[in-house]
file input_3.csv (CSV, N, CA and C atoms)
chain,number,residue,atom,x,y,z
G,25,MET,N,0.8,-1.2,0.0
G,25,MET,CA,0.0,0.0,0.0
G,25,MET,C,0.9,1.2,0.0
G,26,GLY,N,0.4,2.2,-0.7
G,26,GLY,CA,1.1,3.5,-0.8
G,26,GLY,C,0.6,4.5,0.1
G,27,HIS,N,1.0,5.7,-0.2
G,27,HIS,CA,0.5,6.9,0.5
G,27,HIS,C,0.3,8.0,-0.5
G,28,PRO,N,-0.5,9.0,-0.2
G,28,PRO,CA,-0.8,10.0,-1.2
G,28,PRO,C,0.1,11.2,-1.3
G,29,ILE,N,1.2,11.2,-0.6
G,29,ILE,CA,2.0,12.4,-0.5
G,29,ILE,C,2.9,12.5,-1.8
G,30,ASP,N,2.9,13.7,-2.4
G,30,ASP,CA,3.8,14.0,-3.5
G,30,ASP,C,5.2,13.7,-3.2
G,31,PRO,N,6.0,13.0,-4.1
G,31,PRO,CA,7.4,12.7,-3.8
G,31,PRO,C,8.2,13.9,-3.4
G,32,ASN,N,8.0,15.0,-4.1
G,32,ASN,CA,8.8,16.2,-3.8
G,32,ASN,C,8.5,16.8,-2.4
G,33,ALA,N,7.2,16.7,-2.1
G,33,ALA,CA,6.7,17.2,-0.7
G,33,ALA,C,7.3,16.3,0.3
G,34,LEU,N,7.4,15.0,0.0
G,34,LEU,CA,8.0,14.0,1.0
G,34,LEU,C,9.5,14.3,1.2
G,35,MET,N,10.2,14.7,0.1
G,35,MET,CA,11.7,15.0,0.3
G,35,MET,C,11.8,16.3,1.1
G,36,ILE,N,11.0,17.3,0.9
G,36,ILE,CA,11.1,18.5,1.7
G,36,ILE,C,10.8,18.2,3.2
G,37,ALA,N,9.7,17.5,3.4
G,37,ALA,CA,9.3,17.1,4.8
G,37,ALA,C,10.4,16.3,5.5
G,38,ALA,N,11.0,15.4,4.8
G,38,ALA,CA,12.0,14.5,5.3
G,38,ALA,C,13.3,15.4,5.7
G,39,ALA,N,13.6,16.4,4.9
G,39,ALA,CA,14.7,17.2,5.1
G,39,ALA,C,14.6,18.1,6.4
G,40,THR,N,13.3,18.4,6.7
G,40,THR,CA,13.1,19.3,7.8
G,40,THR,C,12.5,18.6,9.1
G,41,ALA,N,12.2,17.3,8.9
G,41,ALA,CA,11.6,16.6,10.1
G,41,ALA,C,12.8,16.0,10.9
G,42,SER,N,12.4,15.7,12.1
G,42,SER,CA,13.4,15.1,13.0
G,42,SER,C,13.3,13.6,13.1
G,43,VAL,N,12.9,13.0,12.0
G,43,VAL,CA,12.9,11.5,11.9
G,43,VAL,C,13.7,11.1,10.6
G,44,GLY,N,14.2,9.9,10.6
G,44,GLY,CA,14.9,9.5,9.5
G,44,GLY,C,14.1,9.4,8.2
G,45,ALA,N,14.8,9.7,7.1
G,45,ALA,CA,14.1,9.8,5.8
G,45,ALA,C,13.5,8.4,5.4
G,46,GLY,N,14.1,7.3,5.9
G,46,GLY,CA,13.6,6.0,5.6
G,46,GLY,C,12.3,5.7,6.5
G,47,ARG,N,12.2,6.4,7.6
G,47,ARG,CA,11.0,6.1,8.5
G,47,ARG,C,9.8,6.9,8.0
G,48,LEU,N,9.9,8.0,7.3
G,48,LEU,CA,8.8,8.8,7.0
G,48,LEU,C,7.8,8.1,6.0
G,49,PRO,N,8.3,7.4,5.0
G,49,PRO,CA,7.3,6.7,4.1
G,49,PRO,C,6.5,5.7,4.8
G,50,GLU,N,7.1,5.0,5.8
G,50,GLU,CA,6.4,4.0,6.6
G,50,GLU,C,5.4,4.6,7.4
G,51,LEU,N,5.7,5.8,8.1
G,51,LEU,CA,4.8,6.5,8.9
G,51,LEU,C,3.6,7.0,8.0
G,52,LEU,N,3.9,7.5,6.8
G,52,LEU,CA,2.8,8.0,5.9
G,52,LEU,C,1.9,6.8,5.5
G,53,ARG,N,2.4,5.7,5.2
G,53,ARG,CA,1.5,4.5,4.9
G,53,ARG,C,0.6,4.2,6.0
G,54,THR,N,1.2,4.1,7.2
G,54,THR,CA,0.4,3.8,8.4
G,54,THR,C,-0.7,4.8,8.7
G,55,ALA,N,-0.3,6.1,8.6
G,55,ALA,CA,-1.3,7.2,8.8
G,55,ALA,C,-2.4,7.1,7.7
G,56,ASP,N,-2.0,6.8,6.5
G,56,ASP,CA,-3.0,6.8,5.4
G,56,ASP,C,-4.0,5.7,5.7
G,57,GLU,N,-3.5,4.5,6.1
G,57,GLU,CA,-4.4,3.4,6.4
G,57,GLU,C,-5.4,3.8,7.5
G,58,HIS,N,-4.9,4.5,8.5
G,58,HIS,CA,-5.8,4.9,9.6
G,58,HIS,C,-6.8,6.0,9.1
G,59,LEU,N,-6.3,7.0,8.4
G,59,LEU,CA,-7.1,8.1,7.9
G,59,LEU,C,-8.2,7.6,6.9
G,60,ARG,N,-7.9,6.6,6.1
G,60,ARG,CA,-8.9,6.1,5.2
G,60,ARG,C,-10.1,5.4,5.9
G,61,THR,N,-9.9,4.9,7.1
G,61,THR,CA,-11.0,4.4,7.8
G,61,THR,C,-11.9,5.5,8.3
G,62,ARG,N,-11.5,6.7,8.4
G,62,ARG,CA,-12.2,7.8,8.9
G,62,ARG,C,-12.6,8.8,7.8
G,63,ARG,N,-12.5,8.4,6.5
G,63,ARG,CA,-12.8,9.3,5.4
G,63,ARG,C,-14.2,9.9,5.5
G,64,GLU,N,-15.2,9.2,5.8
G,64,GLU,CA,-16.6,9.8,5.9
G,64,GLU,C,-16.6,10.9,6.9
G,65,GLU,N,-15.9,10.7,8.1
G,65,GLU,CA,-15.9,11.8,9.1
G,65,GLU,C,-15.2,13.0,8.5
G,66,TYR,N,-14.1,12.9,7.8
G,66,TYR,CA,-13.5,14.0,7.2
G,66,TYR,C,-14.4,14.7,6.2
G,67,GLU,N,-15.1,13.9,5.4
G,67,GLU,CA,-16.0,14.5,4.4
G,67,GLU,C,-17.1,15.3,5.0
G,68,ARG,N,-17.6,14.9,6.2
G,68,ARG,CA,-18.6,15.6,6.9
G,68,ARG,C,-18.2,16.8,7.7
G,69,ALA,N,-17.0,16.6,8.3
G,69,ALA,CA,-16.6,17.6,9.3
G,69,ALA,C,-15.6,18.7,8.9
G,70,TYR,N,-14.9,18.5,7.8
G,70,TYR,CA,-13.8,19.4,7.4
G,70,TYR,C,-14.0,19.9,6.0
G,71,GLU,N,-13.3,21.0,5.7
G,71,GLU,CA,-13.3,21.6,4.4
G,71,GLU,C,-12.4,20.8,3.5
G,72,CYS,N,-12.9,20.4,2.4
G,72,CYS,CA,-12.1,19.7,1.4
G,72,CYS,C,-11.6,20.8,0.4
G,73,VAL,N,-10.3,21.0,0.3
G,73,VAL,CA,-9.8,22.1,-0.5
G,73,VAL,C,-9.3,21.6,-1.8
G,74,ASP,N,-9.1,20.3,-2.0
G,74,ASP,CA,-8.7,19.7,-3.2
G,74,ASP,C,-9.2,18.2,-3.3
G,75,ASP,N,-9.9,17.9,-4.3
G,75,ASP,CA,-10.4,16.5,-4.4
G,75,ASP,C,-9.9,15.9,-5.7
G,76,ASP,N,-9.3,14.8,-5.6
G,76,ASP,CA,-8.7,14.0,-6.6
G,76,ASP,C,-7.2,14.2,-6.6
G,77,GLY,N,-6.7,15.4,-6.8
G,77,GLY,CA,-5.3,15.7,-6.7
G,77,GLY,C,-4.5,15.1,-7.9
G,78,ASP,N,-5.1,14.6,-9.0
G,78,ASP,CA,-4.4,14.0,-10.0
G,78,ASP,C,-4.0,15.1,-11.1
G,79,ASP,N,-2.8,15.1,-11.5
G,79,ASP,CA,-2.2,15.9,-12.5
G,79,ASP,C,-1.6,15.1,-13.6
G,80,ASP,N,-1.6,15.5,-14.8
G,80,ASP,CA,-1.0,14.7,-15.9
G,80,ASP,C,0.5,14.5,-15.7
G,81,ASP,N,1.1,15.5,-15.0
G,81,ASP,CA,2.6,15.4,-14.9
G,81,ASP,C,3.0,14.6,-13.8
G,82,ASP,N,2.1,14.0,-13.0
G,82,ASP,CA,2.5,13.2,-11.9
G,82,ASP,C,2.4,11.7,-12.3
G,83,GLU,N,3.4,10.9,-12.0
G,83,GLU,CA,3.4,9.5,-12.2
G,83,GLU,C,2.7,8.8,-11.0
G,84,ASP,N,1.9,7.8,-11.3
G,84,ASP,CA,1.3,7.0,-10.2
G,84,ASP,C,2.2,5.8,-10.0
G,85,ASN,N,3.0,5.8,-9.0
G,85,ASN,CA,3.9,4.7,-8.8
G,85,ASN,C,3.5,3.9,-7.6
G,86,GLY,N,2.3,4.2,-7.0
G,86,GLY,CA,1.8,3.5,-5.9
G,86,GLY,C,2.4,3.8,-4.6
G,87,ASP,N,3.3,4.8,-4.5
G,87,ASP,CA,3.9,5.2,-3.3
G,87,ASP,C,4.2,6.6,-3.3
G,88,GLY,N,3.2,7.5,-3.1
G,88,GLY,CA,3.4,8.9,-3.1
G,88,GLY,C,2.9,9.6,-4.3
G,89,GLY,N,2.1,10.6,-4.1
G,89,GLY,CA,1.5,11.4,-5.1
G,89,GLY,C,0.5,10.6,-5.9
G,90,ASP,N,-0.1,9.6,-5.3
G,90,ASP,CA,-1.1,8.7,-6.0
G,90,ASP,C,-2.3,9.6,-6.5
G,91,ASP,N,-2.8,9.2,-7.6
G,91,ASP,CA,-4.0,9.8,-8.1
G,91,ASP,C,-5.2,9.4,-7.1
G,92,GLY,N,-6.2,10.3,-7.0
G,92,GLY,CA,-7.3,10.0,-6.2
G,92,GLY,C,-7.1,10.2,-4.8
G,93,ALA,N,-6.7,11.4,-4.4
G,93,ALA,CA,-6.6,11.8,-3.0
G,93,ALA,C,-7.4,13.1,-2.8
G,94,SER,N,-7.9,13.2,-1.5
G,94,SER,CA,-8.6,14.4,-1.1
G,94,SER,C,-7.8,15.1,0.0
G,95,THR,N,-7.8,16.4,-0.1
G,95,THR,CA,-7.0,17.2,0.9
G,95,THR,C,-8.0,18.1,1.7
G,96,TYR,N,-7.9,18.0,3.0
G,96,TYR,CA,-8.8,18.7,4.0
G,96,TYR,C,-8.0,19.6,4.8
G,97,LEU,N,-8.7,20.7,5.2
G,97,LEU,CA,-8.1,21.6,6.3
G,97,LEU,C,-8.8,21.2,7.6
G,98,VAL,N,-8.0,21.0,8.6
G,98,VAL,CA,-8.5,20.5,9.9
G,98,VAL,C,-7.9,21.4,11.0
G,99,PRO,N,-8.5,21.4,12.2
G,99,PRO,CA,-8.0,22.3,13.3
G,99,PRO,C,-6.6,22.1,13.6
G,100,ASP,N,-5.9,23.2,14.0
G,100,ASP,CA,-4.6,23.1,14.5
G,100,ASP,C,-4.5,22.1,15.7
G,101,GLY,N,-3.5,21.3,15.7
G,101,GLY,CA,-3.3,20.3,16.7
G,101,GLY,C,-3.9,18.9,16.3
G,102,HIS,N,-4.5,18.9,15.1
G,102,HIS,CA,-5.1,17.6,14.7
G,102,HIS,C,-4.1,16.5,14.6
G,103,TRP,N,-2.9,16.8,14.0
G,103,TRP,CA,-1.9,15.8,13.9
G,103,TRP,C,-1.3,15.3,15.2
G,104,SER,N,-1.4,16.1,16.3
G,104,SER,CA,-1.0,15.6,17.6
G,104,SER,C,-2.0,14.5,18.0
G,105,GLU,N,-3.3,14.7,17.8
G,105,GLU,CA,-4.3,13.8,18.1
G,105,GLU,C,-4.2,12.5,17.3
G,106,VAL,N,-3.9,12.6,16.0
G,106,VAL,CA,-3.8,11.5,15.1
G,106,VAL,C,-2.5,10.7,15.6
G,107,GLY,N,-1.4,11.4,15.9
G,107,GLY,CA,-0.2,10.8,16.4
G,107,GLY,C,-0.5,9.9,17.6
G,108,ASP,N,-1.3,10.5,18.6
G,108,ASP,CA,-1.7,9.7,19.8
G,108,ASP,C,-2.4,8.4,19.4
G,109,GLU,N,-3.4,8.6,18.4
G,109,GLU,CA,-4.1,7.4,18.0
G,109,GLU,C,-3.2,6.4,17.4
G,110,LEU,N,-2.2,6.8,16.7
G,110,LEU,CA,-1.3,5.9,16.0
G,110,LEU,C,-0.2,5.3,16.9
G,111,GLY,N,0.0,6.0,18.1
G,111,GLY,CA,1.0,5.6,19.0
G,111,GLY,C,2.4,6.0,18.6
G,112,VAL,N,2.5,7.1,17.9
G,112,VAL,CA,3.8,7.6,17.4
G,112,VAL,C,4.2,8.7,18.4
G,113,ASN,N,5.5,9.0,18.4
G,113,ASN,CA,6.0,10.1,19.3
G,113,ASN,C,5.7,11.5,18.6
G,114,ARG,N,6.0,12.5,19.4
G,114,ARG,CA,5.7,13.9,19.0
G,114,ARG,C,6.5,14.2,17.7
G,115,ARG,N,7.7,13.8,17.6
G,115,ARG,CA,8.5,14.1,16.4
G,115,ARG,C,7.9,13.5,15.1
G,116,GLU,N,7.5,12.2,15.3
G,116,GLU,CA,6.9,11.5,14.2
G,116,GLU,C,5.6,12.1,13.8
G,117,ALA,N,4.8,12.5,14.7
G,117,ALA,CA,3.5,13.2,14.4
G,117,ALA,C,3.8,14.5,13.7
G,118,ASP,N,4.8,15.2,14.1
G,118,ASP,CA,5.2,16.5,13.5
G,118,ASP,C,5.7,16.2,12.0
G,119,ALA,N,6.4,15.2,11.8
G,119,ALA,CA,6.9,14.8,10.5
G,119,ALA,C,5.7,14.5,9.6
G,120,LEU,N,4.7,13.8,10.1
G,120,LEU,CA,3.4,13.6,9.3
G,120,LEU,C,2.8,14.9,8.9
G,121,ARG,N,2.7,15.8,9.9
G,121,ARG,CA,2.0,17.1,9.7
G,121,ARG,C,2.8,17.8,8.6
G,122,ARG,N,4.1,17.9,8.7
G,122,ARG,CA,4.9,18.6,7.7
G,122,ARG,C,4.8,18.0,6.3
G,123,ALA,N,4.7,16.7,6.2
G,123,ALA,CA,4.6,16.1,4.9
G,123,ALA,C,3.2,16.4,4.2
G,124,HIS,N,2.2,16.4,5.0
G,124,HIS,CA,0.8,16.7,4.5
G,124,HIS,C,0.8,18.2,4.2
G,125,GLU,N,1.4,19.0,5.0
G,125,GLU,CA,1.4,20.5,4.7
G,125,GLU,C,2.2,20.8,3.4
G,126,GLN,N,3.3,20.1,3.2
G,126,GLN,CA,4.1,20.4,2.0
G,126,GLN,C,3.3,19.9,0.8
G,127,HIS,N,2.6,18.8,0.9
G,127,HIS,CA,1.8,18.3,-0.2
G,127,HIS,C,0.7,19.4,-0.6
G,128,LEU,N,0.1,20.0,0.4
G,128,LEU,CA,-0.9,21.0,0.1
G,128,LEU,C,-0.3,22.2,-0.5
G,129,LEU,N,0.9,22.6,-0.1
G,129,LEU,CA,1.6,23.7,-0.7
G,129,LEU,C,2.0,23.4,-2.2
G,130,ARG,N,2.4,22.2,-2.4
G,130,ARG,CA,2.7,21.8,-3.8
G,130,ARG,C,1.4,21.9,-4.7
G,131,LEU,N,0.3,21.4,-4.1
G,131,LEU,CA,-0.9,21.5,-4.9
G,131,LEU,C,-1.3,22.9,-5.1
G,132,GLY,N,-1.1,23.8,-4.1
G,132,GLY,CA,-1.3,25.2,-4.3
G,132,GLY,C,-0.5,25.8,-5.4
G,133,THR,N,0.7,25.4,-5.5
G,133,THR,CA,1.6,25.9,-6.6
G,133,THR,C,1.0,25.5,-8.0
G,134,LYS,N,0.7,24.2,-8.1
G,134,LYS,CA,0.2,23.6,-9.3
G,134,LYS,C,-1.2,24.2,-9.7
G,135,ARG,N,-2.0,24.6,-8.7
G,135,ARG,CA,-3.4,25.1,-9.0
G,135,ARG,C,-3.5,26.6,-9.0
G,136,GLY,N,-2.4,27.3,-8.7
G,136,GLY,CA,-2.4,28.8,-8.6
G,136,GLY,C,-3.1,29.2,-7.4
G,137,ARG,N,-3.0,28.4,-6.3
G,137,ARG,CA,-3.7,28.8,-5.1
G,137,ARG,C,-2.7,28.8,-3.9
G,138,ARG,N,-1.5,28.9,-4.1
G,138,ARG,CA,-0.5,28.7,-3.1
G,138,ARG,C,-0.7,29.8,-1.9
G,139,ARG,N,-0.9,31.0,-2.3
G,139,ARG,CA,-1.1,32.0,-1.2
G,139,ARG,C,-2.3,31.7,-0.4
G,140,GLU,N,-3.4,31.3,-1.0
G,140,GLU,CA,-4.6,30.9,-0.3
G,140,GLU,C,-4.2,29.8,0.7
G,141,PHE,N,-3.5,28.7,0.3
G,141,PHE,CA,-3.2,27.6,1.1
G,141,PHE,C,-2.2,28.0,2.2
G,142,GLU,N,-1.2,28.9,1.9
G,142,GLU,CA,-0.3,29.3,2.9
G,142,GLU,C,-1.1,30.0,4.0
G,143,SER,N,-2.0,30.9,3.7
G,143,SER,CA,-2.8,31.6,4.7
G,143,SER,C,-3.6,30.6,5.5
G,144,ALA,N,-4.2,29.6,4.9
G,144,ALA,CA,-5.0,28.6,5.6
G,144,ALA,C,-4.2,27.9,6.6
G,145,LEU,N,-2.9,27.6,6.2
G,145,LEU,CA,-2.0,26.8,7.1
G,145,LEU,C,-1.6,27.6,8.3
G,146,GLU,N,-1.8,28.9,8.3
G,146,GLU,CA,-1.4,29.7,9.5
G,146,GLU,C,-2.4,29.4,10.7
G,147,LEU,N,-3.6,28.9,10.3
G,147,LEU,CA,-4.6,28.6,11.3
G,147,LEU,C,-5.0,27.1,11.4
G,148,ARG,N,-4.7,26.4,10.4
G,148,ARG,CA,-5.2,25.0,10.3
G,148,ARG,C,-4.1,24.1,9.8
G,149,GLU,N,-4.3,22.8,9.8
G,149,GLU,CA,-3.4,21.8,9.3
G,149,GLU,C,-4.0,21.1,8.1
G,150,ALA,N,-3.2,20.5,7.3
G,150,ALA,CA,-3.7,19.7,6.2
G,150,ALA,C,-3.7,18.2,6.4
G,151,VAL,N,-4.7,17.6,5.9
G,151,VAL,CA,-4.7,16.1,5.9
G,151,VAL,C,-5.0,15.6,4.5
G,152,VAL,N,-4.2,14.8,3.9
G,152,VAL,CA,-4.4,14.2,2.6
G,152,VAL,C,-4.8,12.7,2.8
G,153,ILE,N,-5.9,12.3,2.2
G,153,ILE,CA,-6.3,10.9,2.3
G,153,ILE,C,-6.5,10.3,0.9
G,154,ARG,N,-5.8,9.2,0.7
G,154,ARG,CA,-5.8,8.5,-0.6
G,154,ARG,C,-7.2,7.8,-0.7
G,155,ARG,N,-7.7,7.8,-2.0
G,155,ARG,CA,-9.0,7.1,-2.2
G,155,ARG,C,-8.8,5.6,-2.3
call {"tool": "encode", "arguments": {"input": "input_3.csv", "output": "structure tokens"}}
result
Amino acid sequence: MGHPIDPNALMIAAATASVGAGRLPELLRTADEHLRTRREEYERAYECVDDDGDDDDDEDNGDGGDDGASTYLVPDGHWSEVGDELGVNRREADALRRAHEQHLLRLGTKRGRRREFESALELREAVVIRR
């Protein structure tokens, strides 16, 4: 099973996170499996700012940047809660948050909405869920 995070966003997040670059893809897969079980909750409760996330210039390699993802804005602190549910430490939860945030910013650049998404991330966090 893969994860929905854009490969370039993954590299940026790995470079700034306090977890090993090899650990982050594993964390992303685990988080995605967990988040997919709660998809309906996200659809009801949170703003979806990008649905599908597929671009012709992205390859679908089954592990990062997968076609068919939805991106939501959630309350600040959401990744701390998800981290607790997953049983990961604070640094790992922060790495997950950074990866999802970088994915949203990359989408913003591709869609001409980067400033909008940067402003949104000042108050909220991003969650990307693969379909």
call {"tool": "residues_near_point", "arguments": {"input": "input_3.csv", "point": "(12.9, 17.7, 13.7)", "cutoff": "8 Å", "atoms": "only N, CA and C atoms", "output": "JSON, numbers by chain"}}
result
{"G": [39, 40, 41, 42, 43, 115, 116, 118, 119]}
call {"tool": "closest_residue", "arguments": {"input": "input_3.csv", "among": "G:Ser94, G:Tyr66, G:Pro28, G:Ala38", "to": "G:Arg53", "atoms": "all atoms listed in the file"}}
result
G:Pro28
call {"tool": "residues_around", "arguments": {"input": "input_3.csv", "residues": "G:His127", "least_positions_apart": "2", "cutoff": "8 Å", "atoms": "only C-alpha atoms", "output": "list in words"}}
result
Ile29, Asp30, Ala33, Leu34, Ala123, His124, Glu125, Leu129, Arg130, Leu131 and Val152 of chain G
call {"tool": "atom_distance", "arguments": {"input": "input_3.csv", "atom1": "atom CA of G:Cys72", "atom2": "atom CA of G:Val151"}}
result
9.4 Å
call {"tool": "select_by_dssp", "arguments": {"input": "input_3.csv", "residues": "chain G", "states": "helix (DSSP H, G or I)", "output": "PyMOL selection string"}}
result
chain G and resi 31-40+47-60+63-69+102-110+114-135+138-145
call {"tool": "atom_distance", "arguments": {"input": "input_3.csv", "atom1": "atom CA of G:Tyr96", "atom2": "atom N of G:Arg114"}}
result
22.2 Å
call {"tool": "atom_distance", "arguments": {"input": "input_3.csv", "atom1": "atom C of G:Ser104", "atom2": "atom CA of G:Gly26"}}
result
22.0 Å
call {"tool": "closest_residue", "arguments": {"input": "input_3.csv", "among": "G:Arg148, G:Arg155, G:Arg139, G:His27", "to": "G:Trp103", "atoms": "only C-alpha atoms"}}
result
G:Arg148
call {"tool": "residues_around", "arguments": {"input": "input_3.csv", "residues": "stretch 54-62 of chain G", "least_positions_apart": "2", "cutoff": "8 Å", "atoms": "only N, CA and C atoms", "output": "short mmCIF file (atom, residue, chain, number, x, y, z; two decimals) with N, CA and C atoms, keeping the file's coordinate frame"}}
result
data_model
loop_
_atom_site.label_atom_id
_atom_site.label_comp_id
_atom_site.auth_asym_id
_atom_site.auth_seq_id
_atom_site.Cartn_x
_atom_site.Cartn_y
_atom_site.Cartn_z
N MET G 25 0.80 -1.20 0.00
CA MET G 25 0.00 0.00 0.00
C MET G 25 0.90 1.20 0.00
N GLY G 26 0.40 2.20 -0.70
CA GLY G 26 1.10 3.50 -0.80
C GLY G 26 0.60 4.50 0.10
N HIS G 27 1.00 5.70 -0.20
CA HIS G 27 0.50 6.90 0.50
C HIS G 27 0.30 8.00 -0.50
N PRO G 28 -0.50 9.00 -0.20
CA PRO G 28 -0.80 10.00 -1.20
C PRO G 28 0.10 11.20 -1.30
N LEU G 48 9.90 8.00 7.30
CA LEU G 48 8.80 8.80 7.00
C LEU G 48 7.80 8.10 6.00
N PRO G 49 8.30 7.40 5.00
CA PRO G 49 7.30 6.70 4.10
C PRO G 49 6.50 5.70 4.80
N GLU G 50 7.10 5.00 5.80
CA GLU G 50 6.40 4.00 6.60
C GLU G 50 5.40 4.60 7.40
N LEU G 51 5.70 5.80 8.10
CA LEU G 51 4.80 6.50 8.90
C LEU G 51 3.60 7.00 8.00
N LEU G 52 3.90 7.50 6.80
CA LEU G 52 2.80 8.00 5.90
C LEU G 52 1.90 6.80 5.50
N GLU G 64 -15.20 9.20 5.80
CA GLU G 64 -16.60 9.80 5.90
C GLU G 64 -16.60 10.90 6.90
N GLU G 65 -15.90 10.70 8.10
CA GLU G 65 -15.90 11.80 9.10
C GLU G 65 -15.20 13.00 8.50
N TYR G 66 -14.10 12.90 7.80
CA TYR G 66 -13.50 14.00 7.20
C TYR G 66 -14.40 14.70 6.20
N GLU G 67 -15.10 13.90 5.40
CA GLU G 67 -16.00 14.50 4.40
C GLU G 67 -17.10 15.30 5.00
N VAL G 106 -3.90 12.60 16.00
CA VAL G 106 -3.80 11.50 15.10
C VAL G 106 -2.50 10.70 15.60
N LEU G 110 -2.20 6.80 16.70
CA LEU G 110 -1.30 5.90 16.00
C LEU G 110 -0.20 5.30 16.90
N LEU G 120 4.70 13.80 10.10
CA LEU G 120 3.40 13.60 9.30
C LEU G 120 2.80 14.90 8.90
N VAL G 152 -4.20 14.80 3.90
CA VAL G 152 -4.40 14.20 2.60
C VAL G 152 -4.80 12.70 2.80
N ILE G 153 -5.90 12.30 2.20
CA ILE G 153 -6.30 10.90 2.30
C ILE G 153 -6.50 10.30 0.90
N ARG G 154 -5.80 9.20 0.70
CA ARG G 154 -5.80 8.50 -0.60
C ARG G 154 -7.20 7.80 -0.70
N ARG G 155 -7.70 7.80 -2.00
CA ARG G 155 -9.00 7.10 -2.20
C ARG G 155 -8.80 5.60 -2.30
#
call {"tool": "closest_residue", "arguments": {"input": "input_3.csv", "among": "G:His102, G:Arg47, G:Arg137, G:Arg63", "to": "G:Ala150", "atoms": "only C-alpha atoms"}}
result
G:His102
call {"tool": "closest_residue", "arguments": {"input": "input_3.csv", "among": "G:Arg122, G:Asp74, G:Arg135, G:Glu142", "to": "G:Ile36", "atoms": "all atoms listed in the file"}}
result
G:Arg122
call {"tool": "closest_residue", "arguments": {"input": "input_3.csv", "among": "G:Asp100, G:Leu145, G:Gly92, G:Tyr70", "to": "G:Leu128", "atoms": "only C-alpha atoms"}}
result
G:Leu145
call {"tool": "select_by_dssp", "arguments": {"input": "input_3.csv", "residues": "chain G", "states": "strand (DSSP E)", "output": "VMD selection string"}}
result
chain G and resid 71 to 76 93 to 99 148 to 154
call {"tool": "write_last_selection", "arguments": {"input": "input_3.csv", "atoms": "N, CA and C atoms", "output": "tab-separated table (two decimals), in the frame of the given file"}}
result
chain	number	residue	atom	x	y	z
G	71	GLU	N	-13.30	21.00	5.70
G	71	GLU	CA	-13.30	21.60	4.40
G	71	GLU	C	-12.40	20.80	3.50
G	72	CYS	N	-12.90	20.40	2.40
G	72	CYS	CA	-12.10	19.70	1.40
G	72	CYS	C	-11.60	20.80	0.40
G	73	VAL	N	-10.30	21.00	0.30
G	73	VAL	CA	-9.80	22.10	-0.50
G	73	VAL	C	-9.30	21.60	-1.80
G	74	ASP	N	-9.10	20.30	-2.00
G	74	ASP	CA	-8.70	19.70	-3.20
G	74	ASP	C	-9.20	18.20	-3.30
G	75	ASP	N	-9.90	17.90	-4.30
G	75	ASP	CA	-10.40	16.50	-4.40
G	75	ASP	C	-9.90	15.90	-5.70
G	76	ASP	N	-9.30	14.80	-5.60
G	76	ASP	CA	-8.70	14.00	-6.60
G	76	ASP	C	-7.20	14.20	-6.60
G	93	ALA	N	-6.70	11.40	-4.40
G	93	ALA	CA	-6.60	11.80	-3.00
G	93	ALA	C	-7.40	13.10	-2.80
G	94	SER	N	-7.90	13.20	-1.50
G	94	SER	CA	-8.60	14.40	-1.10
G	94	SER	C	-7.80	15.10	0.00
G	95	THR	N	-7.80	16.40	-0.10
G	95	THR	CA	-7.00	17.20	0.90
G	95	THR	C	-8.00	18.10	1.70
G	96	TYR	N	-7.90	18.00	3.00
G	96	TYR	CA	-8.80	18.70	4.00
G	96	TYR	C	-8.00	19.60	4.80
G	97	LEU	N	-8.70	20.70	5.20
G	97	LEU	CA	-8.10	21.60	6.30
G	97	LEU	C	-8.80	21.20	7.60
G	98	VAL	N	-8.00	21.00	8.60
G	98	VAL	CA	-8.50	20.50	9.90
G	98	VAL	C	-7.90	21.40	11.00
G	99	PRO	N	-8.50	21.40	12.20
G	99	PRO	CA	-8.00	22.30	13.30
G	99	PRO	C	-6.60	22.10	13.60
G	148	ARG	N	-4.70	26.40	10.40
G	148	ARG	CA	-5.20	25.00	10.30
G	148	ARG	C	-4.10	24.10	9.80
G	149	GLU	N	-4.30	22.80	9.80
G	149	GLU	CA	-3.40	21.80	9.30
G	149	GLU	C	-4.00	21.10	8.10
G	150	ALA	N	-3.20	20.50	7.30
G	150	ALA	CA	-3.70	19.70	6.20
G	150	ALA	C	-3.70	18.20	6.40
G	151	VAL	N	-4.70	17.60	5.90
G	151	VAL	CA	-4.70	16.10	5.90
G	151	VAL	C	-5.00	15.60	4.50
G	152	VAL	N	-4.20	14.80	3.90
G	152	VAL	CA	-4.40	14.20	2.60
G	152	VAL	C	-4.80	12.70	2.80
G	153	ILE	N	-5.90	12.30	2.20
G	153	ILE	CA	-6.30	10.90	2.30
G	153	ILE	C	-6.50	10.30	0.90
G	154	ARG	N	-5.80	9.20	0.70
G	154	ARG	CA	-5.80	8.50	-0.60
G	154	ARG	C	-7.20	7.80	-0.70
